[in-house]
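target08.cif follows; it contains mmCIF, C-alpha atoms.
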data_query
#
loop_
_atom_site.label_atom_id
_atom_site.label_comp_id
_atom_site.auth_asym_id
_atom_site.auth_seq_id
_atom_site.Cartn_x
_atom_site.Cartn_y
_atom_site.Cartn_z
CA MET A 1 -31.89 19.31 8.18
CA ASN A 2 -29.31 18.23 10.69
CA ALA A 3 -26.18 18.56 8.55
CA THR A 4 -24.60 21.94 7.88
CA VAL A 5 -26.03 23.41 4.69
CA ASP A 6 -23.92 25.40 2.25
CA LEU A 7 -26.48 28.05 1.28
CA ASP A 8 -24.45 28.92 -1.81
CA ASN A 9 -24.54 25.35 -3.08
CA PRO A 10 -27.13 23.15 -1.35
CA THR A 11 -27.37 19.56 -2.53
CA PRO A 12 -30.54 18.35 -4.29
CA GLU A 13 -31.29 16.24 -1.20
CA GLN A 14 -31.01 19.28 1.09
CA LYS A 15 -33.29 21.31 -1.19
CA ALA A 16 -35.86 18.50 -1.24
CA GLU A 17 -35.76 18.15 2.55
CA ALA A 18 -36.16 21.90 3.01
CA ILE A 19 -39.18 21.90 0.70
CA GLU A 20 -40.82 19.05 2.62
CA LEU A 21 -40.20 20.77 5.96
CA LEU A 22 -41.69 23.99 4.65
CA ARG A 23 -44.75 22.27 3.18
CA ALA A 24 -45.41 20.50 6.49
CA ARG A 25 -45.79 23.90 8.15
CA LEU A 26 -47.88 25.67 5.53
CA SER A 27 -51.62 26.06 5.34
CA ASP A 28 -53.65 23.94 2.91
CA ALA A 29 -53.99 26.91 0.56
CA ALA A 30 -50.25 27.50 0.53
CA ASN A 31 -49.60 23.79 0.06
CA GLU A 32 -51.90 23.80 -2.94
CA TYR A 33 -49.83 26.58 -4.42
CA CYS A 34 -46.66 24.66 -3.61
CA SER A 35 -47.87 21.39 -5.10
CA ASP A 36 -45.68 22.39 -8.03
CA LEU A 37 -42.20 21.54 -6.77
CA ASP A 38 -40.71 24.09 -9.11
CA LYS A 39 -42.66 26.86 -7.38
CA ALA A 40 -41.71 25.46 -3.98
CA ALA A 41 -38.08 25.38 -5.04
CA VAL A 42 -38.32 29.05 -6.00
CA MET A 43 -39.61 29.88 -2.52
CA ILE A 44 -36.77 27.98 -0.87
CA ASN A 45 -34.17 29.54 -3.15
CA GLU A 46 -35.51 33.01 -2.39
CA TRP A 47 -35.29 32.26 1.32
CA MET A 48 -31.71 31.07 0.95
CA GLU A 49 -30.84 34.12 -1.16
CA TRP A 50 -32.30 36.40 1.52
CA ARG A 51 -30.14 34.76 4.18
CA LYS A 52 -27.09 35.19 1.99
CA CYS A 53 -27.76 38.83 1.04
CA ALA A 54 -28.67 39.82 4.61
CA ASP A 55 -25.61 37.98 6.05
CA ILE A 56 -27.92 36.13 8.42
CA ASP A 57 -25.41 33.33 9.02
CA ASP A 58 -22.80 35.89 10.05
CA LEU A 59 -24.87 37.47 12.81
CA PRO A 60 -23.16 37.41 16.23
CA VAL A 61 -25.47 34.82 17.79
CA ALA A 62 -24.69 33.89 21.40
CA GLN A 63 -24.08 30.16 21.72
CA PRO A 64 -22.33 27.90 24.27
CA ASP A 65 -19.16 27.75 22.15
CA ASN A 66 -18.64 31.50 21.75
CA THR A 67 -18.52 34.68 23.81
CA TYR A 68 -21.13 36.73 21.99
CA PRO A 69 -23.55 38.53 24.34
CA VAL A 70 -27.24 37.60 24.45
CA PRO A 71 -29.34 39.92 22.24
CA TYR A 72 -32.11 40.25 24.82
CA PRO A 73 -32.62 39.35 28.49
CA ILE A 74 -32.91 35.63 29.23
CA ARG A 75 -33.71 33.62 32.36
CA GLY A 76 -33.72 29.92 33.16
CA TYR A 77 -31.46 28.37 30.48
CA TYR A 78 -28.22 26.45 30.88
CA SER A 79 -26.59 26.95 27.46
CA VAL A 80 -26.30 30.67 28.18
CA ALA A 81 -26.24 32.27 31.62
CA ASP A 82 -29.04 34.48 32.90
CA ALA A 83 -28.18 37.89 31.51
CA ASN A 84 -29.37 41.24 30.27
CA LEU A 85 -28.13 43.08 27.22
CA THR A 86 -25.22 45.26 28.36
CA ALA A 87 -22.68 47.49 26.65
CA GLY A 88 -19.62 45.78 25.18
CA PRO A 89 -17.41 45.60 22.10
CA GLN A 90 -19.78 43.14 20.39
CA VAL A 91 -22.96 45.12 21.11
CA SER A 92 -23.94 47.85 18.66
CA ASP A 93 -25.09 51.29 19.71
CA VAL A 94 -28.41 50.63 17.97
CA GLN A 95 -28.95 47.47 20.04
CA LEU A 96 -28.46 49.38 23.28
CA LYS A 97 -30.71 52.25 22.23
CA LEU A 98 -33.46 49.90 21.08
CA ASN A 99 -33.21 47.86 24.25
CA LYS A 100 -33.87 51.00 26.30
CA THR A 101 -37.09 51.64 24.39
CA PHE A 102 -38.44 48.16 25.08
CA GLY A 103 -40.40 47.32 28.16
CA GLY A 104 -38.19 44.85 29.98
CA GLY A 105 -39.22 41.58 28.36
CA CYS A 106 -37.19 38.37 28.14
CA TRP A 107 -37.08 34.69 27.32
CA HIS A 108 -38.33 33.19 30.57
CA LYS A 109 -38.02 29.41 31.02
CA ARG A 110 -40.36 26.92 29.30
CA ASP A 111 -44.02 25.96 28.98
CA LYS A 112 -45.51 22.61 30.03
CA ASP A 113 -44.39 20.97 26.78
CA GLY A 114 -40.85 22.31 26.86
CA ARG A 115 -41.28 25.25 24.49
CA PRO A 116 -39.49 28.50 25.31
CA VAL A 117 -41.61 31.27 26.78
CA TYR A 118 -40.96 34.73 25.37
CA ILE A 119 -42.45 37.68 27.27
CA GLU A 120 -42.81 41.26 26.06
CA ARG A 121 -44.01 44.07 28.34
CA ALA A 122 -45.42 46.02 25.41
CA GLY A 123 -47.35 48.36 27.68
CA ARG A 124 -44.04 49.77 28.89
CA TYR A 125 -42.52 50.42 25.46
CA LEU A 126 -41.25 53.90 24.67
CA ILE A 127 -43.10 53.61 21.38
CA LYS A 128 -42.39 57.07 20.03
CA ASP A 129 -38.65 56.71 20.63
CA ILE A 130 -38.17 53.54 18.55
CA ALA A 131 -38.30 55.31 15.19
CA LYS A 132 -35.99 58.00 16.57
CA VAL A 133 -33.14 55.67 17.52
CA THR A 134 -33.03 53.45 14.43
CA SER A 135 -34.16 52.96 10.86
CA LEU A 136 -36.37 50.13 9.68
CA SER A 137 -33.28 48.25 8.46
CA GLY A 138 -31.64 48.64 11.87
CA LEU A 139 -34.75 47.31 13.57
CA PHE A 140 -34.80 44.34 11.19
CA GLU A 141 -31.16 43.50 11.91
CA PHE A 142 -31.84 43.54 15.65
CA HIS A 143 -34.98 41.45 15.19
CA TYR A 144 -33.24 38.91 12.95
CA LEU A 145 -30.49 38.54 15.55
CA MET A 146 -33.12 37.68 18.15
CA GLN A 147 -34.82 35.21 15.82
CA GLU A 148 -31.52 33.50 15.02
CA PHE A 149 -30.65 33.31 18.72
CA MET A 150 -33.98 31.58 19.26
CA ARG A 151 -33.36 29.14 16.39
CA ARG A 152 -29.72 28.34 17.05
CA THR A 153 -29.50 28.47 20.84
CA VAL A 154 -32.88 28.43 22.57
CA PHE A 155 -34.64 25.80 20.44
CA PRO A 156 -31.75 23.27 20.52
CA GLU A 157 -31.56 23.46 24.32
CA CYS A 158 -35.33 23.07 24.68
CA SER A 159 -35.26 20.13 22.25
CA GLN A 160 -32.56 18.40 24.25
CA LEU A 161 -34.44 18.83 27.52
CA ALA A 162 -37.80 17.79 26.04
CA GLY A 163 -36.41 14.73 24.26
CA HIS A 164 -38.03 15.79 20.98
CA GLU A 165 -37.71 18.61 18.48
CA VAL A 166 -38.88 21.99 19.74
CA SER A 167 -39.21 24.58 16.98
CA GLN A 168 -41.89 26.92 18.30
CA GLN A 169 -42.17 29.33 21.20
CA VAL A 170 -45.02 30.59 23.35
CA VAL A 171 -45.30 34.38 23.40
CA VAL A 172 -46.89 36.58 26.07
CA PHE A 173 -47.55 40.25 25.31
CA ASP A 174 -48.40 42.16 28.49
CA LEU A 175 -50.30 45.35 27.59
CA ALA A 176 -50.54 46.68 31.16
CA GLY A 177 -49.94 50.42 31.00
CA ILE A 178 -50.55 50.84 27.28
CA SER A 179 -52.18 54.08 26.13
CA ILE A 180 -54.28 55.17 23.17
CA GLY A 181 -51.33 57.25 21.99
CA MET A 182 -49.15 54.15 21.82
CA LEU A 183 -51.79 52.14 19.98
CA SER A 184 -52.31 54.86 17.38
CA HIS A 185 -48.68 55.87 16.75
CA ILE A 186 -48.40 55.47 12.97
CA PRO A 187 -44.59 55.08 12.64
CA ALA A 188 -44.60 52.28 15.22
CA LEU A 189 -47.57 50.57 13.59
CA ASN A 190 -45.81 50.70 10.22
CA MET A 191 -42.70 49.10 11.76
CA LEU A 192 -44.86 46.41 13.37
CA ARG A 193 -46.56 45.66 10.06
CA GLU A 194 -43.21 45.26 8.29
CA MET A 195 -41.84 43.01 11.04
CA LEU A 196 -44.90 40.77 10.99
CA SER A 197 -44.58 40.50 7.22
CA LYS A 198 -40.92 39.47 7.43
CA ASP A 199 -41.55 36.97 10.23
CA GLN A 200 -44.32 35.25 8.29
CA LEU A 201 -42.08 35.09 5.24
CA TYR A 202 -38.70 34.16 6.73
CA TYR A 203 -39.58 32.53 10.08
CA PRO A 204 -42.91 30.78 9.44
CA GLU A 205 -44.50 28.65 12.14
CA CYS A 206 -42.05 29.61 14.91
CA MET A 207 -44.93 30.60 17.19
CA HIS A 208 -47.02 27.91 18.91
CA ARG A 209 -49.34 30.29 20.70
CA THR A 210 -49.50 33.99 21.64
CA TYR A 211 -51.31 35.39 24.65
CA ILE A 212 -52.10 39.10 24.73
CA VAL A 213 -52.86 39.82 28.39
CA ASN A 214 -54.14 42.89 30.23
CA ALA A 215 -55.68 44.00 26.93
CA PRO A 216 -57.77 47.16 27.52
CA SER A 217 -61.01 47.78 25.65
CA MET A 218 -59.30 50.39 23.45
CA PHE A 219 -57.06 47.66 22.06
CA VAL A 220 -60.01 46.36 20.03
CA THR A 221 -59.68 49.20 17.51
CA ALA A 222 -55.96 48.65 17.00
CA TRP A 223 -56.48 44.89 16.77
CA LYS A 224 -58.90 45.29 13.86
CA LEU A 225 -56.03 46.83 11.91
CA ILE A 226 -53.27 44.50 13.13
CA ARG A 227 -55.22 41.31 12.44
CA SER A 228 -55.54 42.30 8.77
CA TRP A 229 -51.75 41.91 8.49
CA LEU A 230 -51.74 38.33 9.75
CA ASP A 231 -52.25 35.01 8.02
CA PRO A 232 -55.38 33.15 9.22
CA ARG A 233 -53.15 30.33 10.48
CA VAL A 234 -51.31 32.80 12.71
CA LEU A 235 -54.53 34.44 13.88
CA SER A 236 -55.87 31.10 15.08
CA LYS A 237 -53.00 30.88 17.56
CA ILE A 238 -53.54 34.28 19.20
CA HIS A 239 -55.58 34.56 22.40
CA ILE A 240 -56.60 38.02 23.61
CA LEU A 241 -57.21 38.13 27.34
CA GLY A 242 -58.14 40.89 29.77
CA LYS A 243 -57.05 41.17 33.38
CA ASP A 244 -58.42 37.74 34.31
CA TYR A 245 -55.82 35.97 32.19
CA ALA A 246 -54.21 33.72 34.80
CA PRO A 247 -56.41 30.58 34.42
CA GLU A 248 -55.90 30.49 30.65
CA LEU A 249 -52.19 31.29 30.83
CA LEU A 250 -51.56 28.61 33.46
CA LYS A 251 -53.05 25.94 31.20
CA GLN A 252 -50.02 26.42 28.95
CA ILE A 253 -47.29 27.75 31.25
CA PRO A 254 -46.57 26.50 34.79
CA ALA A 255 -46.49 29.14 37.51
CA HIS A 256 -42.77 28.58 38.15
CA SER A 257 -42.06 29.57 34.54
CA LEU A 258 -43.82 32.93 34.86
CA PRO A 259 -42.39 36.09 36.43
CA ALA A 260 -44.10 37.56 39.46
CA PHE A 261 -45.79 40.39 37.53
CA LEU A 262 -47.70 37.73 35.55
CA GLY A 263 -48.66 35.78 38.66
CA GLY A 264 -45.71 33.43 38.68
CA THR A 265 -44.14 31.82 41.71
#
What is this file in C-alpha cells?
Amino acid sequence: MNATVDLDNPTPEQKAEAIELLRARLSDAANEYCSDLDKAAVMINEWMEWRKCADIDDLPVAQPDNTYPVPYPIRGYYSVADANLTAGPQVSDVQLKLNKTFGGGCWHKRDKDGRPVYIERAGRYLIKDIAKVTSLSGLFEFHYLMQEFMRRTVFPECSQLAGHEVSQQVVVFDLAGISIGMLSHIPALNMLREMLSKDQLYYPECMHRTYIVNAPSMFVTAWKLIRSWLDPRVLSKIHILGKDYAPELLKQIPAHSLPAFLGGT
C-alpha cells in the first residue's frame, strides 16, 4: 500500500490490498483459515485497531525529514547518520535505562541481497536488570518504536538501494558470554515470550533469516522452551550455530557488512 492510509477510515480498496498482502505472507494453514474474506477482514481490522489504540502512528520515529533520535545504534545508512541512542528531550528515561541493559547491538549495513542486518549481542545483556527498569508495557513501547523505525526508515532506504521492495531483515544473535543464569531467568523469559507473540501477530514476516551464533551447549535446554513459542514458519528461518559460524554467516552477509567481533572486515 503506497498511499497514506487513514486507519480510522480505510477505503474498501485499501482493506482488500492489505488482506492480499497479509495472505501472501501467511502459511498455508493460516491462508486456509483466511480463505473466508470476512475472517481475514476481522484480522486486518484488529491490526488497525491495535495501531490506533497503541498510538503506533504517533511514535517518534527517526526519519530523514525530522529530528527524532534513532531508537537504537545504527551504522552504514544514509537516511540517518551513524549514531547511538543518547540522552535528549525526545528520548525517554525508560529508553535510556533499557539501552544500558542491552549488549551493544545495532543495525549494521546490509546483506548480499540488500536486506538490513540487525545484530544483538545477547550474551552481554544485563538480563536481570531489564525487569527492574521497566514494565512489560514500557518494553513493548520501546520495541514497537524499533519495529516502526525499521519499517518506515530502514526498509525504504534498503528498497531504494536494492531497486526492489525490501521488507525483511537478517538478524544475528551473538550469545558469546551468555550464562546459565541468563538463560534460566524467568522474568526475562516471560518478557521474551510476550515479545515474540506480539511480533508474530503485529509484524509478521519481517524476518528473512536469524542466525544464533556462539551458541553454547547449555542453550539447547532453553531453546526447547523458546521454540515452542514460535510458529513453524518462523522456526524454519532460524539457524543455530556454534563458534564455527563464519562460513555460514558469510553466505548471507558480506564481510564488510559485519563488525569485527563477528569476523567482519
Exercise. Applied to the shown file, which residues does the PyMOL selection byres ((chain A and resi 106-110) around 7) return, written as number ranges by chain?
Worked result: A: 72-77, 104-105, 111-112, 114-120, 257-258
A:Leu175 surroundings by all atoms listed in the file, 6 Å radius, close-in-sequence under 3 positions cut, as a compact mmCIF listing (two decimals) with C-alpha atoms, in the frame of the given file:
# COMPACT_ATOMS: atom_id res chain seq x y z
CA ALA A 122 -45.42 46.02 25.41
CA GLY A 123 -47.35 48.36 27.68
CA ILE A 178 -50.55 50.84 27.28
CA ASN A 214 -54.14 42.89 30.23
CA ALA A 215 -55.68 44.00 26.93
Exercise. Got a sec to resolve the PyMOL selection byres ((chain A and resi 142-155) around 7) on this structure and send the residues as a list of chain:residue names?
Worked result: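 Output from the PyMOL selection byres ((chain A and resi 142-155) around 7), applied to this file: A:Leu59, A:Val61, A:Ala62, A:Gln63, A:Pro71, A:Gln95, A:Gly138, A:Leu139, A:Phe140, A:Glu141, A:Pro156, A:Glu157, A:Cys158, A:Ser159, A:Val166, A:Ser167.
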For this session: Pick out the residues sitting within 10 Å of A:Leu262, and hand them over as a count of residues only; count only C-alpha atoms, and ignore anything fewer than 6 positions along from it in its own chain.
Result: 9
Exercise. If you measure from atom CA of A:Arg124 to atom CA of A:Thr101, what distance in Å do you get, rounded to one decimal?
Worked result: 8.5 Å
Within 12 Å of stretch 191-194 of chain A: each stretch 98-136 of chain A residue with its shortest pair, only C-alpha atoms, as a tab-separated table:
residue	atom	partner	partner_atom	distance
A:Ile127	CA	A:Met191	CA	10.6
A:Lys128	CA	A:Met191	CA	11.5
A:Ile130	CA	A:Met191	CA	9.3
A:Ala131	CA	A:Met191	CA	8.3
A:Thr134	CA	A:Met191	CA	10.9
A:Ser135	CA	A:Met191	CA	9.4
A:Leu136	CA	A:Met191	CA	6.7
Problem set entry | Interatomic distance (Å, one decimal) between atom CA of A:Lys15 and atom CA of A:Ala162 |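 One can read the atom CA of A:Lys15 to atom CA of A:Ala162 distance as 27.8 Å.
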